[in-house]
$ cat protein.txt   # compact mmCIF, C-alpha atoms and all ligand atoms
# COMPACT_ATOMS: atom_id res chain seq x y z
CA MET A 24 24.64 15.81 13.51
CA VAL A 25 22.81 12.56 14.03
CA ASN A 26 22.11 10.20 16.89
CA LYS A 27 24.78 7.63 17.32
CA HIS A 28 23.40 4.29 18.05
CA HIS A 29 22.89 0.67 18.14
CA ILE A 30 19.75 -1.26 17.75
CA THR A 31 16.73 0.97 18.20
CA ALA A 32 13.13 0.96 17.19
CA ALA A 33 13.71 4.12 15.16
CA THR A 34 11.31 4.66 12.30
CA PHE A 35 12.24 4.43 8.67
CA CYS A 36 11.78 8.20 8.43
CA ASP A 37 14.49 8.64 11.06
CA GLY A 38 16.72 6.31 9.05
CA ALA A 39 16.03 8.26 5.86
CA ALA A 40 16.75 11.56 7.66
CA ILE A 41 20.10 10.21 8.86
CA LEU A 42 20.96 9.13 5.30
CA ARG A 43 19.97 12.58 4.00
CA ALA A 44 22.25 14.18 6.58
CA GLY A 45 25.20 12.09 5.33
CA GLY A 46 25.02 9.43 8.04
CA LEU A 47 25.39 5.64 7.91
CA VAL A 48 22.38 3.38 8.56
CA ALA A 49 22.57 -0.42 8.73
CA PHE A 50 19.41 -2.16 7.60
CA PRO A 51 18.19 -5.70 6.98
CA THR A 52 17.74 -7.16 3.52
CA GLU A 53 16.65 -10.69 2.61
CA THR A 54 20.32 -11.57 1.88
CA VAL A 55 22.49 -9.96 4.59
CA TYR A 56 22.45 -6.66 6.52
CA GLY A 57 23.65 -3.73 4.45
CA LEU A 58 25.44 -0.56 5.59
CA GLY A 59 23.63 2.26 3.81
CA ALA A 60 24.78 5.72 2.72
CA ASP A 61 23.36 8.29 0.28
CA ALA A 62 24.85 7.12 -3.05
CA CYS A 63 25.05 10.70 -4.35
CA ASN A 64 26.85 12.14 -1.32
CA THR A 65 30.61 11.64 -1.78
CA ALA A 66 31.45 12.56 1.83
CA ALA A 67 28.96 9.98 3.13
CA VAL A 68 30.31 7.33 0.75
CA ASN A 69 33.88 8.08 1.89
CA ARG A 70 32.74 7.67 5.47
CA LEU A 71 31.21 4.31 4.58
CA PHE A 72 34.47 3.05 3.01
CA ALA A 73 36.36 4.21 6.12
CA ALA A 74 33.91 2.55 8.56
CA LYS A 75 34.29 -0.81 6.78
CA GLY A 76 38.02 -0.44 6.12
CA ARG A 77 37.12 -1.17 2.50
CA PRO A 78 39.67 -0.35 -0.20
CA SER A 79 38.56 2.46 -2.46
CA PHE A 80 38.88 0.39 -5.65
CA ASN A 81 36.03 -1.96 -4.74
CA PRO A 82 32.68 -0.57 -6.00
CA LEU A 83 29.37 -0.62 -4.09
CA ILE A 84 25.82 -1.71 -4.95
CA ALA A 85 23.17 1.05 -5.29
CA HIS A 86 19.84 -0.05 -3.79
CA LEU A 87 16.50 1.40 -4.88
CA ALA A 88 12.88 0.79 -3.84
CA THR A 89 11.70 -0.12 -7.35
CA ALA A 90 12.96 -1.33 -10.73
CA GLU A 91 11.51 1.85 -12.28
CA GLY A 92 13.78 3.84 -9.95
CA VAL A 93 16.79 1.84 -11.19
CA PHE A 94 15.99 2.36 -14.87
CA GLU A 95 15.67 6.12 -14.32
CA ILE A 96 19.45 6.18 -13.76
CA ALA A 97 20.73 2.94 -15.33
CA GLN A 98 20.76 2.09 -19.03
CA GLU A 99 18.19 -0.58 -19.61
CA THR A 100 19.00 -3.57 -21.84
CA PRO A 101 16.47 -6.17 -23.04
CA SER A 102 17.96 -8.83 -20.75
CA SER A 103 18.08 -6.52 -17.71
CA ARG A 104 14.41 -5.55 -18.20
CA LEU A 105 13.39 -9.20 -18.36
CA LEU A 106 15.49 -10.18 -15.37
CA ALA A 107 14.15 -7.20 -13.39
CA GLN A 108 10.58 -8.32 -14.10
CA HIS A 109 11.33 -11.81 -12.82
CA PHE A 110 13.78 -11.27 -10.00
CA TRP A 111 13.19 -7.77 -8.57
CA PRO A 112 12.51 -7.19 -5.83
CA GLY A 113 14.91 -9.93 -4.80
CA PRO A 114 18.46 -11.23 -4.34
CA LEU A 115 19.83 -10.25 -7.77
CA THR A 116 22.32 -7.43 -8.42
CA MET A 117 22.80 -6.22 -11.99
CA VAL A 118 25.85 -4.28 -13.19
CA LEU A 119 24.62 -1.80 -15.81
CA ALA A 120 25.86 1.30 -17.59
CA GLN A 121 24.63 4.54 -16.02
CA GLN A 122 22.66 7.24 -17.76
CA ALA A 123 24.50 10.53 -18.26
CA HIS A 124 22.42 12.35 -15.62
CA SER A 125 23.13 9.77 -12.88
CA GLN A 126 24.28 11.55 -9.73
CA ILE A 127 25.83 8.48 -8.11
CA SER A 128 29.21 9.40 -6.63
CA THR A 129 32.22 8.18 -8.59
CA VAL A 130 33.67 7.13 -5.24
CA ALA A 131 30.78 4.62 -4.90
CA THR A 132 31.50 3.11 -8.32
CA ALA A 133 35.27 3.19 -7.76
CA GLY A 134 35.52 5.36 -10.86
CA LEU A 135 33.91 2.74 -13.15
CA ASP A 136 31.34 3.82 -15.75
CA SER A 137 29.12 0.94 -14.69
CA CYS A 138 27.20 0.67 -11.44
CA ALA A 139 25.73 -2.36 -9.64
CA PHE A 140 22.00 -2.05 -8.84
CA ARG A 141 19.64 -4.03 -6.63
CA VAL A 142 16.00 -3.78 -5.52
CA PRO A 143 15.75 -5.73 -2.25
CA ALA A 144 12.57 -7.61 -1.31
CA ASN A 145 12.82 -7.27 2.48
CA ALA A 146 9.93 -5.08 3.74
CA ASP A 147 12.13 -3.02 6.11
CA ALA A 148 14.68 -2.35 3.35
CA LYS A 149 11.89 -1.32 1.03
CA ALA A 150 10.37 1.00 3.66
CA LEU A 151 13.73 2.71 4.25
CA LEU A 152 14.43 3.08 0.52
CA THR A 153 10.93 4.41 -0.13
CA ALA A 154 11.29 6.96 2.69
CA PHE A 155 14.71 8.03 1.37
CA ASN A 156 13.51 8.14 -2.23
CA GLY A 157 16.88 7.82 -3.97
CA PRO A 158 19.80 5.40 -4.45
CA VAL A 159 21.40 4.05 -1.28
CA VAL A 160 24.77 2.31 -1.56
CA ALA A 161 25.01 -0.63 0.81
CA PRO A 162 27.84 -3.14 1.10
CA SER A 163 27.41 -5.93 3.62
CA ALA A 164 27.56 -4.32 7.08
CA ASN A 165 30.79 -5.96 8.29
CA PRO A 166 34.41 -4.89 8.52
CA SER A 167 36.03 -5.60 5.13
CA GLY A 168 37.11 -9.24 4.67
CA GLN A 169 35.13 -10.64 7.61
CA VAL A 170 31.98 -12.74 7.78
CA SER A 171 28.82 -10.96 6.55
CA PRO A 172 26.11 -10.12 9.14
CA THR A 173 22.74 -11.87 9.18
CA THR A 174 21.44 -10.28 12.41
CA ALA A 175 21.49 -6.74 13.85
CA GLY A 176 23.67 -8.10 16.68
CA HIS A 177 26.34 -9.15 14.15
CA VAL A 178 26.35 -5.60 12.76
CA ALA A 179 26.71 -4.13 16.25
CA ASP A 180 29.60 -6.53 17.00
CA GLY A 181 31.60 -5.46 13.95
CA LEU A 182 30.69 -1.83 13.35
CA GLY A 183 28.52 -0.66 16.27
CA ASN A 184 30.72 2.29 17.26
CA LYS A 185 31.33 3.51 13.70
CA ILE A 186 27.80 3.95 12.39
CA ASP A 187 24.77 6.05 13.23
CA LEU A 188 21.87 3.63 13.37
CA ILE A 189 21.09 -0.07 13.07
CA LEU A 190 17.56 -1.01 12.06
CA ASP A 191 16.82 -4.40 13.60
CA GLY A 192 14.66 -6.53 11.32
CA GLY A 193 15.58 -9.90 12.83
CA ARG A 194 17.39 -12.66 10.94
CA CYS A 195 17.97 -12.41 7.20
CA GLN A 196 15.94 -14.99 5.34
CA ILE A 197 18.44 -16.05 2.65
CA GLY A 198 21.68 -15.47 4.54
CA LEU A 199 24.08 -15.18 1.56
CA GLU A 200 24.79 -12.05 -0.48
CA SER A 201 22.93 -11.45 -3.74
CA THR A 202 23.92 -12.99 -7.05
CA VAL A 203 25.91 -10.31 -8.93
CA ILE A 204 25.73 -10.37 -12.73
CA ASP A 205 27.07 -8.18 -15.46
CA ALA A 206 23.78 -7.52 -17.31
CA ARG A 207 25.12 -5.21 -20.02
CA GLY A 208 25.19 -7.89 -22.73
CA ALA A 209 22.50 -10.16 -24.18
CA VAL A 210 23.62 -13.00 -21.94
CA PRO A 211 24.67 -12.23 -18.36
CA ARG A 212 28.00 -13.12 -16.78
CA ILE A 213 27.88 -14.21 -13.13
CA LEU A 214 30.35 -12.20 -11.04
CA ARG A 215 29.25 -13.63 -7.66
CA PRO A 216 27.00 -16.70 -7.18
CA GLY A 217 23.95 -16.40 -4.92
CA ALA A 218 20.36 -17.56 -4.49
CA ILE A 219 19.52 -16.73 -8.13
CA THR A 220 21.38 -19.46 -10.00
CA ALA A 221 22.64 -19.73 -13.58
CA SER A 222 19.82 -22.13 -14.43
CA MET A 223 17.21 -19.67 -13.09
CA LEU A 224 18.71 -16.88 -15.23
CA ALA A 225 18.88 -19.13 -18.31
CA ALA A 226 15.24 -20.21 -17.86
CA VAL A 227 14.04 -16.59 -17.86
CA LEU A 228 16.22 -15.51 -20.77
CA GLY A 229 15.46 -18.63 -22.79
CA CYS A 230 19.16 -19.28 -23.39
CA ASP A 231 21.32 -22.32 -22.81
CA ILE A 232 22.79 -22.50 -19.30
CA GLY A 233 26.22 -23.04 -20.92
CA GLU A 234 26.01 -19.56 -22.42
CA ILE A 235 26.00 -17.99 -18.95
CA THR A 236 29.63 -17.66 -17.92
CA SER A 237 31.02 -17.14 -14.45
CA ALA A 238 33.89 -14.86 -13.49
CA LYS A 239 37.08 -16.73 -12.62
CA SER A 240 38.78 -16.04 -9.34
CA ASP A 241 41.71 -14.35 -11.12
CA ASP A 242 39.40 -12.04 -13.03
CA ALA A 243 40.25 -9.00 -10.93
CA VAL A 244 38.92 -6.28 -13.17
CA THR A 245 35.44 -7.55 -14.02
CA ALA A 246 34.76 -8.99 -10.59
CA PRO A 247 36.63 -6.85 -8.12
CA GLY A 248 35.07 -8.46 -5.05
CA MET A 249 35.33 -12.08 -6.09
CA LEU A 250 38.81 -13.02 -5.03
CA ALA A 251 40.49 -15.42 -2.64
CA SER A 252 40.28 -14.85 1.10
CA HIS A 253 37.03 -13.25 2.24
CA TYR A 254 34.08 -14.01 4.55
CA ALA A 255 36.83 -15.18 6.87
CA PRO A 256 36.38 -16.21 10.50
CA HIS A 257 39.37 -15.71 12.81
CA HIS A 258 40.11 -19.44 13.02
CA ALA A 259 41.37 -21.53 10.10
CA VAL A 260 38.70 -23.31 8.06
CA ARG A 261 39.17 -26.87 6.68
CA LEU A 262 36.77 -27.89 3.91
CA ASN A 263 35.23 -31.21 2.79
CA ALA A 264 35.85 -32.77 6.19
CA ALA A 265 33.76 -35.90 6.70
CA GLN A 266 35.00 -36.03 10.31
CA PRO A 267 36.39 -33.36 12.65
CA ARG A 268 39.87 -33.90 14.09
CA PRO A 269 40.48 -33.64 17.85
CA GLY A 270 40.55 -29.96 18.86
CA GLU A 271 38.53 -28.76 15.87
CA ALA A 272 35.01 -27.39 15.88
CA TYR A 273 32.71 -29.00 13.31
CA LEU A 274 30.14 -27.48 11.00
CA GLY A 275 28.11 -30.32 9.49
CA ILE A 276 24.99 -30.82 7.43
CA GLY A 277 22.41 -33.49 8.23
CA GLU A 278 23.26 -35.78 11.12
CA LEU A 279 26.45 -34.89 13.04
CA PRO A 280 29.27 -37.39 13.67
CA ALA A 281 30.23 -38.10 17.28
CA HIS A 282 32.73 -35.45 18.39
CA ASP A 283 34.13 -34.13 21.61
CA GLY A 284 34.29 -30.46 20.59
CA PRO A 285 31.76 -27.85 19.48
CA CYS A 286 29.51 -29.10 16.68
CA LEU A 287 26.67 -27.49 14.73
CA THR A 288 24.58 -28.70 11.82
CA LEU A 289 23.70 -26.23 9.05
CA SER A 290 20.46 -28.15 8.54
CA ALA A 291 19.41 -31.30 10.38
CA SER A 292 17.36 -32.34 7.35
CA GLY A 293 20.14 -31.49 4.85
CA ASP A 294 18.13 -28.63 3.30
CA LEU A 295 20.46 -26.29 1.36
CA GLN A 296 18.29 -23.17 1.76
CA GLU A 297 18.29 -23.64 5.53
CA ALA A 298 22.04 -24.29 5.40
CA ALA A 299 22.61 -21.01 3.51
CA ALA A 300 20.54 -19.08 6.05
CA ASN A 301 22.56 -20.54 8.94
CA LEU A 302 26.05 -20.46 7.38
CA PHE A 303 27.40 -17.07 8.49
CA ALA A 304 25.77 -17.10 11.94
CA MET A 305 27.14 -20.60 12.66
CA LEU A 306 30.64 -19.71 11.42
CA ARG A 307 30.54 -16.78 13.86
CA ASP A 308 29.27 -18.97 16.72
CA LEU A 309 31.95 -21.62 16.21
CA ASP A 310 34.63 -18.94 15.79
CA ARG A 311 33.86 -17.75 19.34
CA THR A 312 34.60 -21.13 20.90
CA VAL A 313 38.20 -21.87 21.88
CA ILE A 314 39.37 -24.27 19.17
CA ASP A 315 42.18 -25.18 16.77
CA GLY A 316 40.10 -24.52 13.68
CA ILE A 317 36.74 -25.12 12.06
CA ALA A 318 36.19 -28.25 9.93
CA VAL A 319 33.28 -28.09 7.50
CA ALA A 320 31.41 -31.03 5.95
CA PRO A 321 31.19 -31.41 2.16
CA ILE A 322 28.19 -29.46 0.82
CA ALA A 323 26.36 -30.48 -2.39
CA ASP A 324 27.00 -27.99 -5.18
CA ASP A 325 23.39 -27.87 -6.47
CA GLY A 326 21.27 -24.72 -6.48
CA ILE A 327 22.26 -22.37 -3.66
CA GLY A 328 24.88 -24.97 -2.66
CA ALA A 329 27.20 -23.44 -5.28
CA ALA A 330 26.99 -20.08 -3.48
CA ILE A 331 27.56 -21.76 -0.09
CA ASN A 332 30.68 -23.47 -1.48
CA ASP A 333 31.89 -20.20 -3.01
CA ARG A 334 31.70 -18.48 0.41
CA LEU A 335 33.31 -21.48 2.14
CA ARG A 336 36.24 -21.53 -0.31
CA ARG A 337 36.89 -17.87 0.45
CA ALA A 338 36.53 -18.46 4.20
CA ALA A 339 39.18 -21.21 3.89
CA ALA A 340 41.56 -19.40 1.51
CA PRO A 341 45.13 -19.06 2.84
CA ARG A 342 45.45 -15.72 4.55
CA ASP A 343 49.24 -15.52 4.59
CA ASP A 344 49.55 -16.03 0.84
CA PRO A 345 50.44 -12.56 -0.54
CA THR A 346 47.92 -12.92 -3.40
CA ALA A 347 45.21 -13.97 -0.99
CA ALA A 348 46.09 -11.15 1.40
CA ALA A 349 45.86 -8.59 -1.38
CA CYS A 350 42.61 -10.10 -2.57
CA ARG A 351 41.24 -10.23 0.93
CA ASP A 352 41.44 -6.48 1.08
CA ARG A 353 39.20 -6.12 -1.88
CA VAL A 354 35.73 -6.32 -0.35
O1 LIG A 401 23.21 -9.08 -0.96
C1 LIG A 401 23.97 -8.15 -1.21
O2 LIG A 401 24.41 -7.93 -2.36
C2 LIG A 401 24.37 -7.23 -0.06
C3 LIG A 401 23.12 -6.50 0.43
C4 LIG A 401 23.39 -5.51 1.51
O3 LIG A 401 22.45 -5.91 -0.66
N1 LIG A 401 25.41 -6.32 -0.45
C5 LIG A 401 26.66 -6.73 -0.71
O4 LIG A 401 27.51 -5.72 -1.08
O5 LIG A 401 27.01 -7.90 -0.63
P1 LIG A 401 29.11 -5.89 -1.13
O6 LIG A 401 29.64 -4.52 -1.30
O7 LIG A 401 29.58 -6.66 0.05
O8 LIG A 401 29.35 -6.68 -2.46
C6 LIG A 401 29.16 -6.03 -3.72
C7 LIG A 401 29.84 -6.84 -4.81
C8 LIG A 401 31.33 -6.77 -4.70
O9 LIG A 401 31.83 -8.06 -5.04
C9 LIG A 401 31.71 -5.73 -5.76
O10 LIG A 401 33.00 -5.86 -6.21
C10 LIG A 401 30.66 -5.99 -6.84
O11 LIG A 401 29.47 -6.27 -6.10
N2 LIG A 401 30.42 -4.81 -7.69
C11 LIG A 401 29.86 -3.62 -7.35
N3 LIG A 401 29.85 -2.76 -8.40
C12 LIG A 401 30.38 -3.40 -9.43
C13 LIG A 401 30.66 -3.05 -10.78
N4 LIG A 401 30.36 -1.85 -11.27
N5 LIG A 401 31.23 -3.99 -11.59
C14 LIG A 401 31.54 -5.23 -11.09
N6 LIG A 401 31.32 -5.61 -9.81
C15 LIG A 401 30.76 -4.72 -9.00
MG MG A 402 30.67 -7.90 1.48
$ encode --input "protein.txt" --output "structure tokens"
Amino acid sequence: MVNKHHITAATFCDGAAILRAGGLVAFPTETVYGLGADACNTAAVNRLFAAKGRPSFNPLIAHLATAEGVFEIAQETPSSRLLAQHFWPGPLTMVLAQQAHSQISTVATAGLDSCAFRVPANADAKALLTAFNGPVVAPSANPSGQVSPTTAGHVADGLGNKIDLILDGGRCQIGLESTVIDARGAVPRILRPGAITASMLAAVLGCDIGEITSAKSDDAVTAPGMLASHYAPHHAVRLNAAQPRPGEAYLGIGELPAHDGPCLTLSASGDLQEAAANLFAMLRDLDRTVIDGIAVAPIADDGIGAAINDRLRRAAAPRDDPTAAACRDRV
């Protein structure tokens, strides 16, 4: 049916043709690489779930080239319109009700009436979505439960033999997955923290930041992908470590302490945006070294720091705990 392959210089039209034929195309976005499939083609969506090893009850995000495209199939609310004007294209995903004529596969939404929508800002993502001219579901392009990919090489490492094409757009600029909100009400609820923070949402909506609630980690139904162990490297992760122990690798921020083992700094200057962009790639790099575990420095919880800490908590969550193991299988 389609060419099977790794990183190529294929055009966006080739990518769109593969999607139309029911294939799987990995593509860059400003957050992380996504694994795309035609959202309206149930066989393609099933193939996507199988390639990732993703459980069928965890719904996907539908990506479109424009906000107008989203509101042709999603039910607009006053808050979603306002947030779309400010944050799309960009790293915000909104869960909305669908219009009756939406053709998005119920497999993609895990049977929910709602669907998550995003308009990415990355130029390559936009070119692919424009060429395809319809909704493309795209979870992060990694095997379920593992660290999300921020380069085409990461995608090839995890899924290279299971997908049809990888569009190589270099490193992702933000490096953490989009903020996911439930935008059906007047005030949004944050289901997954990301680069768009609660204070940014509150500023646009003119509401108090305290009115914007966040899903709790035991809130399985509203936030199916928000639980316990996820984004997990193979080695154990120890958080809030001012100093590495002998035998550990160390992921710091700012200046690094003296240490005999592998050591990386997320940002030499302590910049949280730079730290977010480096997080997943550095966790992967340290995971490849032969070590007892990865110790991670405390990270300030301001701005995108809250999203970094969210991902780190999941990376460190116990994997043998039955609740964590069940949760781990969710994304
Ligand atoms: O930045 C991103 O969001 C990337 C890029 C590729 O766009 N995509 C991504 O997709 O991170 P994924 O599948 O790894 O995460 C989607 C999250 C999951 O936590 C999922 O449970 C949640 O969105 N989600 C999707 N549809 C939902 C719905 N209808 N209601 C509640 N949560 C939903
Ligand atoms: Mg994911």
$ closest_residue --input "protein.txt" --among "A:Asp180, A:Asp205, A:Glu99, A:Asp147" --to "ligand LIG 401 (chain A)" --atoms "all atoms listed in the file"
A:Asp205
$ residues_near_ligand --input "protein.txt" --ligand "ligand LIG 401 (chain A)" --cutoff "7 Å" --atoms "only C-alpha atoms and all ligand atoms" --output "PyMOL selection string"
chain A and resi 52+54-58+81-84+114+116+118+132+135+137-139+141+143+161-163+199-203+205+214-215+245-249+354
$ atom_distance --input "protein.txt" --atom1 "CA of Gly183 (chain A)" --atom2 "CA of Gly157 (chain A)"
24.8 Å
$ residues_around --input "protein.txt" --residues "Gln121 (chain A)" --least-positions-apart "6" --cutoff "12 Å" --atoms "only C-alpha atoms" --output "list in words"
Ala85, Val93, Phe94, Glu95, Ile96, Ala97, Gln98, Glu99, Thr100, Ile127, Ser128, Thr129, Thr132, Leu135, Asp136, Ser137, Cys138, Ala139, Phe140 and Arg207 of chain A
$ closest_residue --input "protein.txt" --among "A:Gly328, A:Pro256, A:Gly293, A:Gly217" --to "Leu115 (chain A)" --atoms "only C-alpha atoms"
A:Gly217
$ closest_residue --input "protein.txt" --among "A:Ala298, A:Ala164, A:Ala154, A:Leu224" --to "ligand MG 402 (chain A)" --atoms "only C-alpha atoms and all ligand atoms"
A:Ala164
$ closest_residue --input "protein.txt" --among "A:Ala131, A:Leu71, A:Ala150, A:Ile197" --to "Gly113 (chain A)" --atoms "all atoms listed in the file"
A:Ile197
$ closest_residue --input "protein.txt" --among "A:Ala255, A:Ile322, A:Ala62, A:Val210" --to "ligand MG 402 (chain A)" --atoms "all atoms listed in the file"
A:Ala255
$ atom_distance --input "protein.txt" --atom1 "CA of Ala291 (chain A)" --atom2 "CA of Arg337 (chain A)"
24.2 Å
$ atom_distance --input "protein.txt" --atom1 "CA of Gln196 (chain A)" --atom2 "CA of Phe50 (chain A)"
13.5 Å
$ closest_residue --input "protein.txt" --among "A:Thr34, A:Asp61, A:Arg77, A:Val313" --to "ligand MG 402 (chain A)" --atoms "all atoms listed in the file"
A:Arg77
$ residues_around --input "protein.txt" --residues "Pro211 (chain A)" --least-positions-apart "5" --cutoff "10 Å" --atoms "all atoms listed in the file" --output "ChimeraX atom specification"
/A:102-103,106,117-118,203-206,221,224-225,228,234-237
$ residues_around --input "protein.txt" --residues "His282 (chain A)" --least-positions-apart "3" --cutoff "9 Å" --atoms "all atoms listed in the file" --output "PDB file with C-alpha atoms, in the coordinates of the input"
ATOM      1  CA  GLN A 266      35.000 -36.030  10.310  1.00  0.00           C
ATOM      2  CA  PRO A 267      36.390 -33.360  12.650  1.00  0.00           C
ATOM      3  CA  ARG A 268      39.870 -33.900  14.090  1.00  0.00           C
ATOM      4  CA  PRO A 269      40.480 -33.640  17.850  1.00  0.00           C
ATOM      5  CA  ALA A 272      35.010 -27.390  15.880  1.00  0.00           C
ATOM      6  CA  TYR A 273      32.710 -29.000  13.310  1.00  0.00           C
ATOM      7  CA  LEU A 279      26.450 -34.890  13.040  1.00  0.00           C
ATOM      8  CA  PRO A 285      31.760 -27.850  19.480  1.00  0.00           C
ATOM      9  CA  CYS A 286      29.510 -29.100  16.680  1.00  0.00           C
TER      10      CYS A 286
END
$ residues_around --input "protein.txt" --residues "Asn156 (chain A)" --least-positions-apart "2" --cutoff "9 Å" --atoms "only C-alpha atoms" --output "PDB file with C-alpha atoms, in the coordinates of the input"
ATOM      1  CA  ALA A  39      16.030   8.260   5.860  1.00  0.00           C
ATOM      2  CA  LEU A  87      16.500   1.400  -4.880  1.00  0.00           C
ATOM      3  CA  ALA A  88      12.880   0.790  -3.840  1.00  0.00           C
ATOM      4  CA  GLY A  92      13.780   3.840  -9.950  1.00  0.00           C
ATOM      5  CA  LEU A 151      13.730   2.710   4.250  1.00  0.00           C
ATOM      6  CA  LEU A 152      14.430   3.080   0.520  1.00  0.00           C
ATOM      7  CA  THR A 153      10.930   4.410  -0.130  1.00  0.00           C
ATOM      8  CA  ALA A 154      11.290   6.960   2.690  1.00  0.00           C
ATOM      9  CA  PRO A 158      19.800   5.400  -4.450  1.00  0.00           C
ATOM     10  CA  VAL A 159      21.400   4.050  -1.280  1.00  0.00           C
TER      11      VAL A 159
END
$ build_atoms --input "protein.txt" --residues "region 108-120 of chain A" --atoms "N, CA, C and O atoms" --output "JSON list (two decimals), in the coordinates of the input"
[["chain", "number", "residue", "atom", "x", "y", "z"],
["A", 108, "GLN", "N", 11.98, -7.91, -14.25],
["A", 108, "GLN", "CA", 10.58, -8.32, -14.10],
["A", 108, "GLN", "C", 10.46, -9.62, -13.30],
["A", 108, "GLN", "O", 9.56, -9.77, -12.50],
["A", 109, "HIS", "N", 11.42, -10.52, -13.51],
["A", 109, "HIS", "CA", 11.33, -11.81, -12.82],
["A", 109, "HIS", "C", 11.94, -11.81, -11.43],
["A", 109, "HIS", "O", 11.45, -12.51, -10.55],
["A", 110, "PHE", "N", 13.02, -11.08, -11.24],
["A", 110, "PHE", "CA", 13.78, -11.27, -10.00],
["A", 110, "PHE", "C", 13.81, -10.05, -9.07],
["A", 110, "PHE", "O", 14.38, -10.14, -7.98],
["A", 111, "TRP", "N", 13.27, -8.93, -9.48],
["A", 111, "TRP", "CA", 13.19, -7.77, -8.57],
["A", 111, "TRP", "C", 11.76, -7.57, -8.13],
["A", 111, "TRP", "O", 10.86, -7.67, -8.99],
["A", 112, "PRO", "N", 11.50, -7.25, -6.88],
["A", 112, "PRO", "CA", 12.51, -7.19, -5.83],
["A", 112, "PRO", "C", 13.03, -8.58, -5.49],
["A", 112, "PRO", "O", 12.27, -9.54, -5.52],
["A", 113, "GLY", "N", 14.33, -8.64, -5.14],
["A", 113, "GLY", "CA", 14.91, -9.93, -4.80],
["A", 113, "GLY", "C", 16.42, -9.92, -4.78],
["A", 113, "GLY", "O", 17.05, -8.88, -4.96],
["A", 114, "PRO", "N", 17.01, -11.13, -4.59],
["A", 114, "PRO", "CA", 18.46, -11.23, -4.34],
["A", 114, "PRO", "C", 19.33, -11.25, -5.60],
["A", 114, "PRO", "O", 20.22, -12.09, -5.74],
["A", 115, "LEU", "N", 19.04, -10.35, -6.54],
["A", 115, "LEU", "CA", 19.83, -10.25, -7.77],
["A", 115, "LEU", "C", 20.37, -8.82, -7.89],
["A", 115, "LEU", "O", 19.61, -7.86, -7.74],
["A", 116, "THR", "N", 21.68, -8.73, -8.17],
["A", 116, "THR", "CA", 22.32, -7.43, -8.42],
["A", 116, "THR", "C", 22.77, -7.40, -9.87],
["A", 116, "THR", "O", 23.40, -8.34, -10.33],
["A", 117, "MET", "N", 22.40, -6.33, -10.58],
["A", 117, "MET", "CA", 22.80, -6.22, -11.99],
["A", 117, "MET", "C", 23.76, -5.05, -12.19],
["A", 117, "MET", "O", 23.46, -3.91, -11.80],
["A", 118, "VAL", "N", 24.91, -5.34, -12.80],
["A", 118, "VAL", "CA", 25.85, -4.28, -13.19],
["A", 118, "VAL", "C", 25.39, -3.76, -14.55],
["A", 118, "VAL", "O", 25.23, -4.53, -15.50],
["A", 119, "LEU", "N", 25.14, -2.45, -14.60],
["A", 119, "LEU", "CA", 24.62, -1.80, -15.81],
["A", 119, "LEU", "C", 25.39, -0.51, -16.07],
["A", 119, "LEU", "O", 25.99, 0.06, -15.13],
["A", 120, "ALA", "N", 25.31, -0.03, -17.31],
["A", 120, "ALA", "CA", 25.86, 1.30, -17.59],
["A", 120, "ALA", "C", 24.93, 2.33, -16.97],
["A", 120, "ALA", "O", 23.73, 2.08, -16.81]]
